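*Asks:* Structure file coords_1.txt, compact mmCIF, C-alpha atoms and all ligand atoms, is pasted below:
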# COMPACT_ATOMS: atom_id res chain seq x y z
CA MET I 1 0.00 0.00 0.00
CA ALA I 2 1.34 3.44 -0.91
CA SER I 3 2.12 5.87 1.92
CA GLY I 4 0.79 9.44 1.90
CA TYR I 5 4.19 10.71 0.83
CA GLU I 6 4.30 8.36 -2.20
CA ASP I 7 0.84 9.52 -3.24
CA LYS I 8 2.02 13.10 -3.10
CA ILE I 9 5.34 12.53 -4.85
CA MET I 10 3.52 11.00 -7.83
CA SER I 11 1.39 14.06 -8.31
CA PRO I 12 3.74 16.92 -9.39
CA SER I 13 4.28 17.73 -13.05
CA VAL I 14 7.96 17.62 -13.91
CA TRP I 15 9.28 20.19 -16.36
CA HIS I 16 12.50 19.63 -18.28
CA PRO I 17 13.77 23.03 -19.46
CA ARG I 18 16.26 23.13 -22.32
CA ASP I 19 18.26 26.02 -20.90
CA THR I 20 18.46 28.22 -17.84
CA THR I 21 16.31 30.96 -19.34
CA GLU I 22 13.52 28.47 -20.04
CA ALA I 23 13.87 27.17 -16.46
CA TRP I 24 13.65 30.73 -15.15
CA THR I 25 10.58 31.38 -17.32
CA PHE I 26 8.84 28.26 -15.95
CA LYS I 27 9.57 29.45 -12.44
CA LYS I 28 8.29 32.95 -13.14
CA LEU I 29 5.07 31.60 -14.68
CA LEU I 30 4.38 28.90 -12.10
CA ASP I 31 5.67 30.98 -9.18
CA SER I 32 5.25 29.36 -5.75
CA ASP I 33 3.60 26.28 -7.29
CA ALA I 34 7.01 25.26 -8.67
CA ILE I 35 10.48 24.61 -7.37
CA TYR I 36 13.85 24.00 -8.99
CA VAL I 37 15.19 20.49 -8.35
CA ALA I 38 18.84 19.58 -8.82
CA GLY I 39 19.90 16.33 -7.06
CA GLY I 40 16.72 16.38 -4.97
CA THR I 41 18.51 15.05 -1.86
CA LEU I 42 17.59 17.92 0.42
CA LEU I 43 14.12 18.46 -1.04
CA ARG I 44 13.26 14.80 -0.67
CA THR I 45 14.27 14.88 3.00
CA GLN I 46 12.12 17.97 3.55
CA TRP I 47 9.12 16.41 1.81
CA GLU I 48 9.44 13.09 3.62
CA SER I 49 9.75 14.73 7.02
CA GLY I 50 6.82 17.06 6.33
CA LEU I 51 9.04 20.16 6.64
CA ALA I 52 7.90 21.27 3.19
CA ALA I 53 4.96 20.34 0.98
CA VAL I 54 5.56 18.71 -2.39
CA PRO I 55 4.78 21.49 -4.89
CA LYS I 56 2.55 21.06 -7.94
CA HIS I 57 5.45 21.49 -10.35
CA LEU I 58 9.10 20.46 -10.29
CA ILE I 59 11.57 22.16 -12.61
CA ASP I 60 14.27 19.59 -13.25
CA LEU I 61 17.59 21.37 -13.70
CA SER I 62 19.45 18.18 -14.58
CA SER I 63 18.02 18.33 -18.10
CA ILE I 64 19.93 21.56 -18.85
CA PRO I 65 23.19 20.99 -20.71
CA GLY I 66 26.36 22.81 -19.66
CA LEU I 67 25.67 23.10 -15.94
CA THR I 68 27.96 20.28 -14.85
CA GLY I 69 31.71 19.97 -14.78
CA ILE I 70 34.72 21.88 -13.54
CA GLU I 71 36.88 24.01 -15.79
CA LYS I 72 40.28 25.33 -14.78
CA LYS I 73 40.84 28.91 -15.91
CA GLU I 74 43.91 31.10 -15.52
CA ASP I 75 43.03 32.29 -11.99
CA SER I 76 39.97 30.31 -10.96
CA LEU I 77 37.98 27.12 -11.15
CA ALA I 78 34.56 27.44 -12.79
CA ILE I 79 32.27 24.86 -11.18
CA GLY I 80 28.91 24.20 -12.83
CA ALA I 81 26.05 24.40 -10.31
CA LEU I 82 24.85 20.91 -11.23
CA THR I 83 28.25 19.34 -10.52
CA THR I 84 27.79 16.72 -7.84
CA LEU I 85 29.62 16.81 -4.54
CA GLY I 86 31.13 13.44 -5.53
CA GLN I 87 32.59 14.95 -8.71
CA CYS I 88 33.99 17.92 -6.77
CA ARG I 89 35.68 15.62 -4.34
CA LYS I 90 37.48 13.63 -7.03
CA ASP I 91 38.21 16.31 -9.60
CA PRO I 92 42.01 16.57 -10.15
CA ASP I 93 41.95 20.39 -10.35
CA VAL I 94 39.90 20.71 -7.15
CA LEU I 95 42.21 18.23 -5.44
CA GLN I 96 45.26 20.22 -6.52
CA HIS I 97 44.03 23.77 -6.01
CA SER I 98 41.28 23.70 -3.39
CA PRO I 99 41.96 21.29 -0.52
CA LEU I 100 39.47 23.30 1.55
CA LEU I 101 36.61 22.49 -0.80
CA VAL I 102 37.66 18.83 -0.93
CA GLU I 103 37.64 18.70 2.86
CA ALA I 104 34.22 20.39 3.10
CA VAL I 105 32.63 18.15 0.49
CA ARG I 106 34.20 15.04 2.02
CA SER I 107 32.43 15.87 5.29
CA ILE I 108 28.96 15.99 3.71
CA ALA I 109 26.73 12.91 4.01
CA ALA I 110 27.93 9.61 2.46
CA SER I 111 28.99 8.84 -1.10
CA SER I 112 25.53 7.59 -2.12
CA VAL I 113 24.14 11.07 -1.32
CA ARG I 114 27.20 12.92 -2.68
CA ASN I 115 26.77 11.21 -6.04
CA LEU I 116 23.37 12.89 -6.43
CA ALA I 117 23.70 16.06 -4.37
CA THR I 118 24.93 19.11 -6.27
CA ILE I 119 27.15 21.98 -5.27
CA GLY I 120 24.40 24.40 -6.38
CA GLY I 121 21.83 22.72 -4.13
CA ASN I 122 24.26 22.85 -1.23
CA ILE I 123 24.77 26.59 -1.70
CA VAL I 124 21.13 27.53 -2.29
CA SER I 125 20.09 25.54 0.80
CA ARG I 126 21.79 28.49 2.63
CA VAL I 127 23.20 26.23 5.34
CA GLY I 128 25.29 23.84 3.22
CA ASP I 129 28.62 22.88 4.70
CA SER I 130 30.49 24.01 1.56
CA LEU I 131 29.40 27.63 2.02
CA PRO I 132 32.06 28.74 4.57
CA VAL I 133 34.74 27.64 2.10
CA PHE I 134 33.23 29.68 -0.72
CA ILE I 135 33.02 32.69 1.59
CA VAL I 136 36.67 32.62 2.68
CA CYS I 137 37.92 31.86 -0.83
CA GLN I 138 36.06 34.89 -2.23
CA ALA I 139 34.06 32.76 -4.63
CA GLU I 140 31.59 34.41 -6.95
CA PHE I 141 28.17 32.96 -7.64
CA GLU I 142 26.79 33.38 -11.15
CA TRP I 143 23.01 33.51 -11.44
CA ASN I 144 20.45 33.58 -14.22
CA THR I 145 18.04 36.24 -13.01
CA GLY I 146 16.02 36.36 -16.19
CA LEU I 147 17.64 39.55 -17.45
CA SER I 148 21.39 39.49 -17.77
CA PRO I 149 23.54 37.05 -15.82
CA MET I 150 24.38 38.37 -12.36
CA THR I 151 27.56 37.62 -10.42
CA GLU I 152 27.75 38.15 -6.70
CA ASP I 153 30.47 37.67 -4.11
CA ALA I 154 29.65 34.69 -1.84
CA SER I 155 30.04 36.68 1.37
CA GLU I 156 27.80 39.49 0.13
CA TRP I 157 25.19 36.91 -0.82
CA VAL I 158 25.18 35.33 2.65
CA GLU I 159 25.14 38.76 4.31
CA ARG I 160 21.97 39.58 2.40
CA LEU I 161 20.46 36.26 3.49
CA GLN I 162 20.65 37.43 7.10
CA VAL I 163 17.91 39.94 6.30
CA GLN I 164 16.03 38.58 3.29
CA LEU I 165 15.30 35.24 1.62
CA PRO I 166 16.98 34.60 -1.75
CA LYS I 167 14.82 35.26 -4.81
CA ALA I 168 13.25 31.87 -5.58
CA SER I 169 13.46 32.48 -9.34
CA HIS I 170 17.23 33.17 -9.31
CA LEU I 171 18.97 30.17 -10.77
CA LEU I 172 22.54 29.47 -9.77
CA THR I 173 24.50 28.47 -12.85
CA ARG I 174 28.18 28.52 -11.88
CA VAL I 175 30.59 29.10 -9.02
CA HIS I 176 33.88 30.86 -9.72
CA LEU I 177 36.46 29.81 -7.17
CA PRO I 178 39.64 31.95 -7.25
CA LEU I 179 43.01 30.20 -7.02
CA PHE I 180 45.37 31.54 -4.37
CA ARG I 181 49.07 31.38 -5.16
CA GLU I 182 52.15 31.95 -3.05
CA THR I 183 54.19 34.96 -4.18
CA ASP I 184 57.37 36.75 -3.04
CA LEU I 185 55.25 39.15 -0.98
CA VAL I 186 53.04 36.40 0.46
CA PRO I 187 55.25 33.30 0.43
CA LYS I 188 52.93 31.14 2.54
CA ARG I 189 49.24 30.47 2.07
CA PHE I 190 47.36 28.64 4.79
CA GLY I 191 43.84 27.44 5.32
CA ALA I 192 41.62 24.99 7.12
CA PHE I 193 38.11 23.61 7.14
CA HIS I 194 36.67 22.02 10.27
CA LYS I 195 33.27 20.51 10.81
CA VAL I 196 32.21 19.44 14.27
CA GLY I 197 29.19 17.17 14.58
CA ARG I 198 27.81 14.78 17.09
CA ARG I 199 29.77 11.88 15.60
CA GLU I 200 32.98 11.48 13.64
CA ALA I 201 31.39 10.93 10.21
CA PHE I 202 28.03 11.04 8.37
CA THR I 203 26.78 13.72 10.68
CA PRO I 204 25.03 17.06 10.38
CA SER I 205 27.25 19.92 11.51
CA LEU I 206 27.04 21.71 14.82
CA VAL I 207 29.89 24.06 13.97
CA THR I 208 31.80 24.69 10.75
CA VAL I 209 34.87 26.87 10.43
CA ALA I 210 36.80 27.86 7.31
CA ILE I 211 39.98 29.92 7.20
CA ASN I 212 41.95 31.20 4.23
CA GLY I 213 45.01 33.36 4.78
CA GLY I 214 48.45 34.37 3.66
CA MET I 215 51.62 35.15 5.57
CA LYS I 216 54.30 37.72 4.74
CA PRO I 217 58.02 36.87 4.80
CA ASP I 218 58.30 38.44 8.29
CA GLY I 219 55.51 36.23 9.72
CA LYS I 220 52.86 38.96 9.71
CA ILE I 221 49.44 37.92 8.50
CA ALA I 222 49.04 39.51 5.07
CA ASP I 223 45.40 38.64 4.52
CA ILE I 224 42.88 36.45 6.26
CA ARG I 225 39.24 35.51 5.89
CA ILE I 226 37.36 33.47 8.47
CA ALA I 227 33.80 32.12 8.18
CA VAL I 228 31.66 30.15 10.60
CA GLY I 229 28.42 28.23 10.23
CA GLY I 230 26.96 24.90 11.32
CA GLY I 231 23.48 23.51 11.98
CA GLN I 232 20.84 25.94 10.77
CA THR I 233 23.18 28.94 11.07
CA ILE I 234 23.64 30.80 7.81
CA PRO I 235 27.43 30.95 7.53
CA HIS I 236 29.00 34.37 7.94
CA ARG I 237 32.37 36.05 8.05
CA LEU I 238 34.06 37.11 11.26
CA VAL I 239 35.23 40.49 9.98
CA ALA I 240 36.18 41.83 13.43
CA VAL I 241 38.46 38.82 14.04
CA GLU I 242 40.05 39.23 10.62
CA LYS I 243 40.78 42.91 11.41
CA ILE I 244 42.47 42.00 14.69
CA LEU I 245 44.76 39.49 12.99
CA LYS I 246 45.59 41.23 9.73
CA GLY I 247 49.03 42.83 9.60
CA GLN I 248 50.05 41.30 12.94
CA ILE I 249 52.44 38.60 14.10
CA PRO I 250 50.37 36.17 16.20
CA ASN I 251 51.26 36.18 19.90
CA ARG I 252 49.48 35.22 23.09
CA GLU I 253 47.85 38.62 23.62
CA LEU I 254 46.67 38.96 20.04
CA LEU I 255 45.22 35.45 20.00
CA GLY I 256 43.43 36.13 23.29
CA GLU I 257 41.87 39.22 21.73
CA ALA I 258 40.90 37.23 18.63
CA TYR I 259 39.35 34.50 20.82
CA HIS I 260 37.03 37.02 22.47
CA ALA I 261 36.15 38.52 19.10
CA VAL I 262 35.06 35.07 17.86
CA MET I 263 32.89 34.65 20.97
CA ASN I 264 31.28 38.02 20.27
CA GLY I 265 31.05 37.78 16.48
CA TYR I 266 29.77 34.25 15.87
CA ARG I 267 25.97 34.17 15.87
CA PRO I 268 25.03 30.47 15.98
CA LYS I 269 21.40 29.39 15.91
CA SER I 270 20.33 27.38 18.91
CA ASP I 271 18.88 23.91 18.64
CA PRO I 272 18.32 21.10 21.13
CA PHE I 273 21.69 19.48 20.27
CA ALA I 274 24.17 22.11 21.43
CA THR I 275 24.11 25.42 23.25
CA ASP I 276 25.27 28.68 21.69
CA ASP I 277 28.06 28.83 24.21
CA TYR I 278 29.35 25.39 23.23
CA ARG I 279 29.35 26.34 19.55
CA LYS I 280 31.09 29.65 20.19
CA LYS I 281 33.83 28.11 22.32
CA THR I 282 34.31 25.32 19.79
CA ALA I 283 34.68 27.77 16.92
CA ALA I 284 37.01 30.03 18.93
CA ASN I 285 39.24 27.12 19.95
CA LEU I 286 39.43 25.79 16.38
CA ILE I 287 40.28 29.19 14.90
CA ILE I 288 42.89 30.15 17.47
CA THR I 289 44.52 26.71 17.33
CA GLU I 290 44.76 26.91 13.54
CA ILE I 291 46.43 30.35 13.61
CA TRP I 292 48.77 29.26 16.38
CA LYS I 293 49.71 26.07 14.52
CA THR I 294 50.30 27.89 11.25
CA TYR I 295 52.49 30.54 12.81
CA SER I 296 54.52 28.18 14.97
CA GLU I 297 55.22 25.90 11.99
CA TRP I 298 56.20 28.91 9.93
CA ALA I 299 58.36 30.55 12.58
CA ASP I 300 60.30 27.64 13.88
CA GLY I 301 59.80 24.52 11.82
CA GLY I 302 56.97 23.36 14.06
CA ARG I 303 58.53 24.37 17.39
CA GLU I 304 57.17 27.21 19.47
CA PRO I 305 58.93 30.46 18.54
CA ASP I 306 60.92 32.25 21.28
CA GLY I 307 58.64 34.31 23.48
CA ALA I 308 55.89 34.54 20.91
CA TYR I 309 53.25 32.78 22.99
C1 LIG U 401 21.28 11.67 4.40
C2 LIG U 401 21.61 13.11 4.11
C3 LIG U 401 22.71 13.70 4.72
C4 LIG U 401 23.03 15.04 4.43
N1 LIG U 401 24.13 15.58 5.05
C5 LIG U 401 24.49 16.85 4.76
C6 LIG U 401 25.66 17.41 5.37
O1 LIG U 401 26.37 16.79 6.15
N2 LIG U 401 25.98 18.70 5.03
C7 LIG U 401 25.24 19.44 4.13
O2 LIG U 401 25.62 20.57 3.84
N3 LIG U 401 24.14 18.93 3.58
C8 LIG U 401 23.74 17.66 3.85
N4 LIG U 401 22.60 17.12 3.28
C9 LIG U 401 21.74 18.00 2.47
C10 LIG U 401 21.92 17.91 0.94
O3 LIG U 401 22.21 16.60 0.51
C11 LIG U 401 23.00 18.82 0.38
O4 LIG U 401 22.82 20.13 0.86
C12 LIG U 401 23.02 18.83 -1.15
O5 LIG U 401 24.20 19.43 -1.62
C13 LIG U 401 21.80 19.50 -1.78
O6 LIG U 401 21.96 19.42 -3.19
P1 LIG U 401 20.80 18.87 -4.15
O7 LIG U 401 21.31 18.97 -5.53
O8 LIG U 401 20.33 17.52 -3.74
O9 LIG U 401 19.69 19.96 -3.87
P2 LIG U 401 18.11 19.84 -4.05
O10 LIG U 401 17.52 19.01 -2.98
O11 LIG U 401 17.77 19.50 -5.45
O12 LIG U 401 17.73 21.39 -3.83
C14 LIG U 401 17.98 22.05 -2.60
C15 LIG U 401 17.47 23.50 -2.70
O13 LIG U 401 18.26 24.24 -3.61
C16 LIG U 401 17.46 24.72 -4.71
N5 LIG U 401 18.35 24.60 -5.87
C17 LIG U 401 19.07 23.52 -6.23
N6 LIG U 401 19.88 23.82 -7.26
C18 LIG U 401 19.64 25.11 -7.57
C19 LIG U 401 20.17 26.02 -8.54
N7 LIG U 401 21.14 25.64 -9.40
N8 LIG U 401 19.69 27.28 -8.58
C20 LIG U 401 18.74 27.69 -7.71
N9 LIG U 401 18.20 26.89 -6.78
C21 LIG U 401 18.65 25.62 -6.70
C22 LIG U 401 16.22 23.87 -4.73
O14 LIG U 401 15.12 24.58 -5.26
C23 LIG U 401 16.04 23.59 -3.24
O15 LIG U 401 15.43 24.69 -2.62
C24 LIG U 401 22.25 15.79 3.53
C25 LIG U 401 21.15 15.20 2.91
C26 LIG U 401 20.83 13.88 3.19
C27 LIG U 401 19.65 13.26 2.50
Represent the supplied structure as structure tokens.
*Replies:*
Amino acid sequence: MASGYEDKIMSPSVWHPRDTTEAWTFKKLLDSDAIYVAGGTLLRTQWESGLAAVPKHLIDLSSIPGLTGIEKKEDSLAIGALTTLGQCRKDPDVLQHSPLLVEAVRSIAASSVRNLATIGGNIVSRVGDSLPVFIVCQAEFEWNTGLSPMTEDASEWVERLQVQLPKASHLLTRVHLPLFRETDLVPKRFGAFHKVGRREAFTPSLVTVAINGGMKPDGKIADIRIAVGGGQTIPHRLVAVEKILKGQIPNRELLGEAYHAVMNGYRPKSDPFATDDYRKKTAANLIITEIWKTYSEWADGGREPDGAY
């Protein structure tokens, strides 16, 4: 006997647009009766759990050619929005140039889900674990908005999400992920992605942290971006912490100041699994440890530098 959910899932009309403009037009015409579907992994979970109703129309993005695959350009990777998390994890260019993205994608679900789930769906979900990485790597999201294509910096996009929902008709087509290279002025690049959940693997996040920075020849931090998320928290940058660290050589006092700025700047959403305070302390410890580790390795081949801490 069919369950209520199966009855409902049989009912929607499924549209197969030939290109992104046709998809956008379907969405504009059908409005809230329709939803874009990529891998369907998140939507299916929402429908099955009753968190969202199955709409009358599904707009299947997988029928659109040209939205999958990863292309290496001179200074960036162009990742099609329909590229699966599984493809991202194994792509040779992503493996070589973006260990942070590999680490983030590796931490999401299990391979059966990753082989269906797309990078676009992870981003548009607004709480996907890949988002902090895109924020700190200054990725740009390319959208079909019906008029001309629109490109928006990842951190500006998430900032706007704090106050307004994304436009449901905007269709994410591509992610441009800049490549960071070591230079004479910034001879060391460093970065990290951490996800803390309630178990070691196959777990929703409680806290996520991403860091992307560069160090000058004298050990001063040349540039740094830090983003935090986890659970239902829309990831965001910790601009005040970045300001404290930028241009400075890490020492005990500076890291203490940065620790307090993380506690003040991180705005995690509460849920029954972990308190705000736990999440804040976890994020602060992860961030400070990462900076400390990076600097001590840089300064003294892994040993603690004289009097620095
Ligand atoms: C068992 C399980 C475990 C999971 N674990 C994790 C986890 O650890 N971390 C995590 O981040 N997520 C997790 N997820 C959630 C989900 O799998 C991922 O977020 C996934 O990347 C969503 O991609 P999708 O293609 O399946 O999106 P879909 O379900 O197809 O769509 C998700 C949302 O994005 C919209 N959308 C999709 N593509 C586009 C586009 N190109 N343009 C505009 N809108 C679009 C859809 O309309 C929908 O609102 C898990 C899911 C399951 C089922």
*Asks:* Would you list the contacts of I:Thr41 as a PyMOL selection string, taking every protein, DNA or RNA residue within 12 Å and counting all atoms listed in the file, but skipping same-chain residues closer than 5 positions in sequence?
*Replies:* chain I and resi 46-48+84-85+108-110+112-122+125
*Asks:* Quick one: everything within 12 Å of stretch 194-196 of chain I, counting all atoms listed in the file, minus sequence neighbours fewer than 4 positions away in the same chain. Send it as an mmCIF file with C-alpha atoms, in the coordinates of the input.
*Replies:*
data_model
loop_
_atom_site.group_PDB
_atom_site.id
_atom_site.type_symbol
_atom_site.label_atom_id
_atom_site.label_comp_id
_atom_site.auth_asym_id
_atom_site.auth_seq_id
_atom_site.Cartn_x
_atom_site.Cartn_y
_atom_site.Cartn_z
ATOM 1 C CA LEU I 100 39.470 23.300 1.550
ATOM 2 C CA LEU I 101 36.610 22.490 -0.800
ATOM 3 C CA VAL I 102 37.660 18.830 -0.930
ATOM 4 C CA GLU I 103 37.640 18.700 2.860
ATOM 5 C CA ALA I 104 34.220 20.390 3.100
ATOM 6 C CA VAL I 105 32.630 18.150 0.490
ATOM 7 C CA ARG I 106 34.200 15.040 2.020
ATOM 8 C CA SER I 107 32.430 15.870 5.290
ATOM 9 C CA ILE I 108 28.960 15.990 3.710
ATOM 10 C CA GLY I 128 25.290 23.840 3.220
ATOM 11 C CA ASP I 129 28.620 22.880 4.700
ATOM 12 C CA SER I 130 30.490 24.010 1.560
ATOM 13 C CA LEU I 131 29.400 27.630 2.020
ATOM 14 C CA PRO I 132 32.060 28.740 4.570
ATOM 15 C CA VAL I 133 34.740 27.640 2.100
ATOM 16 C CA GLU I 200 32.980 11.480 13.640
ATOM 17 C CA ALA I 201 31.390 10.930 10.210
ATOM 18 C CA PHE I 202 28.030 11.040 8.370
ATOM 19 C CA THR I 203 26.780 13.720 10.680
ATOM 20 C CA PRO I 204 25.030 17.060 10.380
ATOM 21 C CA SER I 205 27.250 19.920 11.510
ATOM 22 C CA LEU I 206 27.040 21.710 14.820
ATOM 23 C CA VAL I 207 29.890 24.060 13.970
ATOM 24 C CA THR I 208 31.800 24.690 10.750
ATOM 25 C CA VAL I 209 34.870 26.870 10.430
ATOM 26 C CA ALA I 210 36.800 27.860 7.310
ATOM 27 C CA ILE I 211 39.980 29.920 7.200
ATOM 28 C CA ILE I 226 37.360 33.470 8.470
ATOM 29 C CA ALA I 227 33.800 32.120 8.180
ATOM 30 C CA VAL I 228 31.660 30.150 10.600
ATOM 31 C CA GLY I 229 28.420 28.230 10.230
ATOM 32 C CA GLY I 230 26.960 24.900 11.320
ATOM 33 C CA GLY I 231 23.480 23.510 11.980
ATOM 34 C CA ALA I 274 24.170 22.110 21.430
ATOM 35 C CA TYR I 278 29.350 25.390 23.230
ATOM 36 C CA ARG I 279 29.350 26.340 19.550
ATOM 37 C CA LYS I 280 31.090 29.650 20.190
ATOM 38 C CA LYS I 281 33.830 28.110 22.320
ATOM 39 C CA THR I 282 34.310 25.320 19.790
ATOM 40 C CA ALA I 283 34.680 27.770 16.920
ATOM 41 C CA ALA I 284 37.010 30.030 18.930
ATOM 42 C CA ASN I 285 39.240 27.120 19.950
ATOM 43 C CA LEU I 286 39.430 25.790 16.380
ATOM 44 C CA ILE I 287 40.280 29.190 14.900
ATOM 45 C CA THR I 289 44.520 26.710 17.330
ATOM 46 C CA GLU I 290 44.760 26.910 13.540
#
*Asks:* Return the single residue from I:Pro268, I:Pro17, I:Asp218, I:Ile64 that is closest to I:Thr173, with distances computed using only C-alpha atoms.
*Replies:* I:Ile64
*Asks:* Measuring between all atoms listed in the file, which one of I:Val175, I:Val127, I:Ala139, I:Ala23 shows the shortest distance to I:Ile70?
*Replies:*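 Distance minimum relative to I:Ile70 lands on I:Val175.
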*Asks:* Calculated over only C-alpha atoms and all ligand atoms, which of the candidates I:Ala52, I:Val124, I:Ala154, I:Ile234 has the smallest distance to ligand LIG 401 (chain U)?
*Replies:*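 Nearest to ligand LIG 401 (chain U): I:Val124.
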*Asks:* Using all atoms listed in the file, find the one residue out of I:Leu82, I:Val163, I:Met150, I:Ala168 that sits nearest to I:Gly39.
*Replies:*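 Nearest to I:Gly39: I:Leu82.
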*Asks:* When you look at I:Pro55 with a cut-off of 10 Å (counting all atoms listed in the file), what residues show up, excluding the ones that are within fewer than 3 positions of it in the same chain? I need them as a count of residues only.
*Replies:* 12
*Asks:* Set the distance at 9 Å and use only C-alpha atoms: which residues neighbour I:Arg174 once local chain neighbours fewer than 5 positions away are removed? I'd like the list as a PyMOL selection string.
*Replies:* chain I and resi 67-68+78-82+120+140-143
*Asks:* Kindly save the residues from that selection, with C-alpha atoms included, as a tab-separated table (two decimals), in the frame of the given file.
*Replies:*
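Final output, selection_18.tsv:
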chain	number	residue	atom	x	y	z
I	67	LEU	CA	25.67	23.10	-15.94
I	68	THR	CA	27.96	20.28	-14.85
I	78	ALA	CA	34.56	27.44	-12.79
I	79	ILE	CA	32.27	24.86	-11.18
I	80	GLY	CA	28.91	24.20	-12.83
I	81	ALA	CA	26.05	24.40	-10.31
I	82	LEU	CA	24.85	20.91	-11.23
I	120	GLY	CA	24.40	24.40	-6.38
I	140	GLU	CA	31.59	34.41	-6.95
I	141	PHE	CA	28.17	32.96	-7.64
I	142	GLU	CA	26.79	33.38	-11.15
I	143	TRP	CA	23.01	33.51	-11.44
*Asks:* Smallest atom-to-atom distance to I:Ser148: which of I:Gln87, I:Leu177, I:His97, I:Thr20, using all atoms listed in the file?
*Replies:*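 Of I:Gln87, I:Leu177, I:His97, I:Thr20, the one nearest I:Ser148, counting all atoms listed in the file, is I:Thr20.
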*Asks:* How would stretch 245-260 of chain I look with N, CA and C atoms restored, written as a PDB file, in the frame of the given file?
*Replies:*
ATOM      1  N   LEU I 245      43.614  40.307  13.375  1.00  0.00           N
ATOM      2  CA  LEU I 245      44.760  39.490  12.990  1.00  0.00           C
ATOM      3  C   LEU I 245      45.583  40.075  11.846  1.00  0.00           C
ATOM      4  N   LYS I 246      44.917  40.760  10.948  1.00  0.00           N
ATOM      5  CA  LYS I 246      45.590  41.230   9.730  1.00  0.00           C
ATOM      6  C   LYS I 246      46.728  42.199  10.052  1.00  0.00           C
ATOM      7  N   GLY I 247      47.869  41.941   9.437  1.00  0.00           N
ATOM      8  CA  GLY I 247      49.030  42.830   9.600  1.00  0.00           C
ATOM      9  C   GLY I 247      49.822  42.555  10.868  1.00  0.00           C
ATOM     10  N   GLN I 248      49.413  41.554  11.644  1.00  0.00           N
ATOM     11  CA  GLN I 248      50.050  41.300  12.940  1.00  0.00           C
ATOM     12  C   GLN I 248      50.800  39.966  12.937  1.00  0.00           C
ATOM     13  N   ILE I 249      51.795  39.887  13.828  1.00  0.00           N
ATOM     14  CA  ILE I 249      52.440  38.600  14.100  1.00  0.00           C
ATOM     15  C   ILE I 249      51.680  37.979  15.282  1.00  0.00           C
ATOM     16  N   PRO I 250      51.160  36.752  15.101  1.00  0.00           N
ATOM     17  CA  PRO I 250      50.370  36.170  16.200  1.00  0.00           C
ATOM     18  C   PRO I 250      51.203  36.013  17.481  1.00  0.00           C
ATOM     19  N   ASN I 251      50.660  36.463  18.590  1.00  0.00           N
ATOM     20  CA  ASN I 251      51.260  36.180  19.900  1.00  0.00           C
ATOM     21  C   ASN I 251      50.121  35.936  20.881  1.00  0.00           C
ATOM     22  N   ARG I 252      50.495  35.634  22.108  1.00  0.00           N
ATOM     23  CA  ARG I 252      49.480  35.220  23.090  1.00  0.00           C
ATOM     24  C   ARG I 252      48.380  36.283  23.261  1.00  0.00           C
ATOM     25  N   GLU I 253      48.810  37.545  23.376  1.00  0.00           N
ATOM     26  CA  GLU I 253      47.850  38.620  23.620  1.00  0.00           C
ATOM     27  C   GLU I 253      46.881  38.796  22.439  1.00  0.00           C
ATOM     28  N   LEU I 254      47.483  38.776  21.241  1.00  0.00           N
ATOM     29  CA  LEU I 254      46.670  38.960  20.040  1.00  0.00           C
ATOM     30  C   LEU I 254      45.651  37.826  19.891  1.00  0.00           C
ATOM     31  N   LEU I 255      46.124  36.600  20.161  1.00  0.00           N
ATOM     32  CA  LEU I 255      45.220  35.450  20.000  1.00  0.00           C
ATOM     33  C   LEU I 255      44.119  35.470  21.060  1.00  0.00           C
ATOM     34  N   GLY I 256      44.445  35.985  22.248  1.00  0.00           N
ATOM     35  CA  GLY I 256      43.430  36.130  23.290  1.00  0.00           C
ATOM     36  C   GLY I 256      42.338  37.112  22.840  1.00  0.00           C
ATOM     37  N   GLU I 257      42.806  38.210  22.233  1.00  0.00           N
ATOM     38  CA  GLU I 257      41.870  39.220  21.730  1.00  0.00           C
ATOM     39  C   GLU I 257      40.988  38.616  20.627  1.00  0.00           C
ATOM     40  N   ALA I 258      41.645  37.852  19.747  1.00  0.00           N
ATOM     41  CA  ALA I 258      40.900  37.230  18.630  1.00  0.00           C
ATOM     42  C   ALA I 258      39.876  36.224  19.171  1.00  0.00           C
ATOM     43  N   TYR I 259      40.267  35.488  20.217  1.00  0.00           N
ATOM     44  CA  TYR I 259      39.350  34.500  20.820  1.00  0.00           C
ATOM     45  C   TYR I 259      38.061  35.195  21.288  1.00  0.00           C
ATOM     46  N   HIS I 260      38.223  36.311  21.977  1.00  0.00           N
ATOM     47  CA  HIS I 260      37.030  37.020  22.470  1.00  0.00           C
ATOM     48  C   HIS I 260      36.199  37.578  21.325  1.00  0.00           C
TER      49      HIS I 260
END
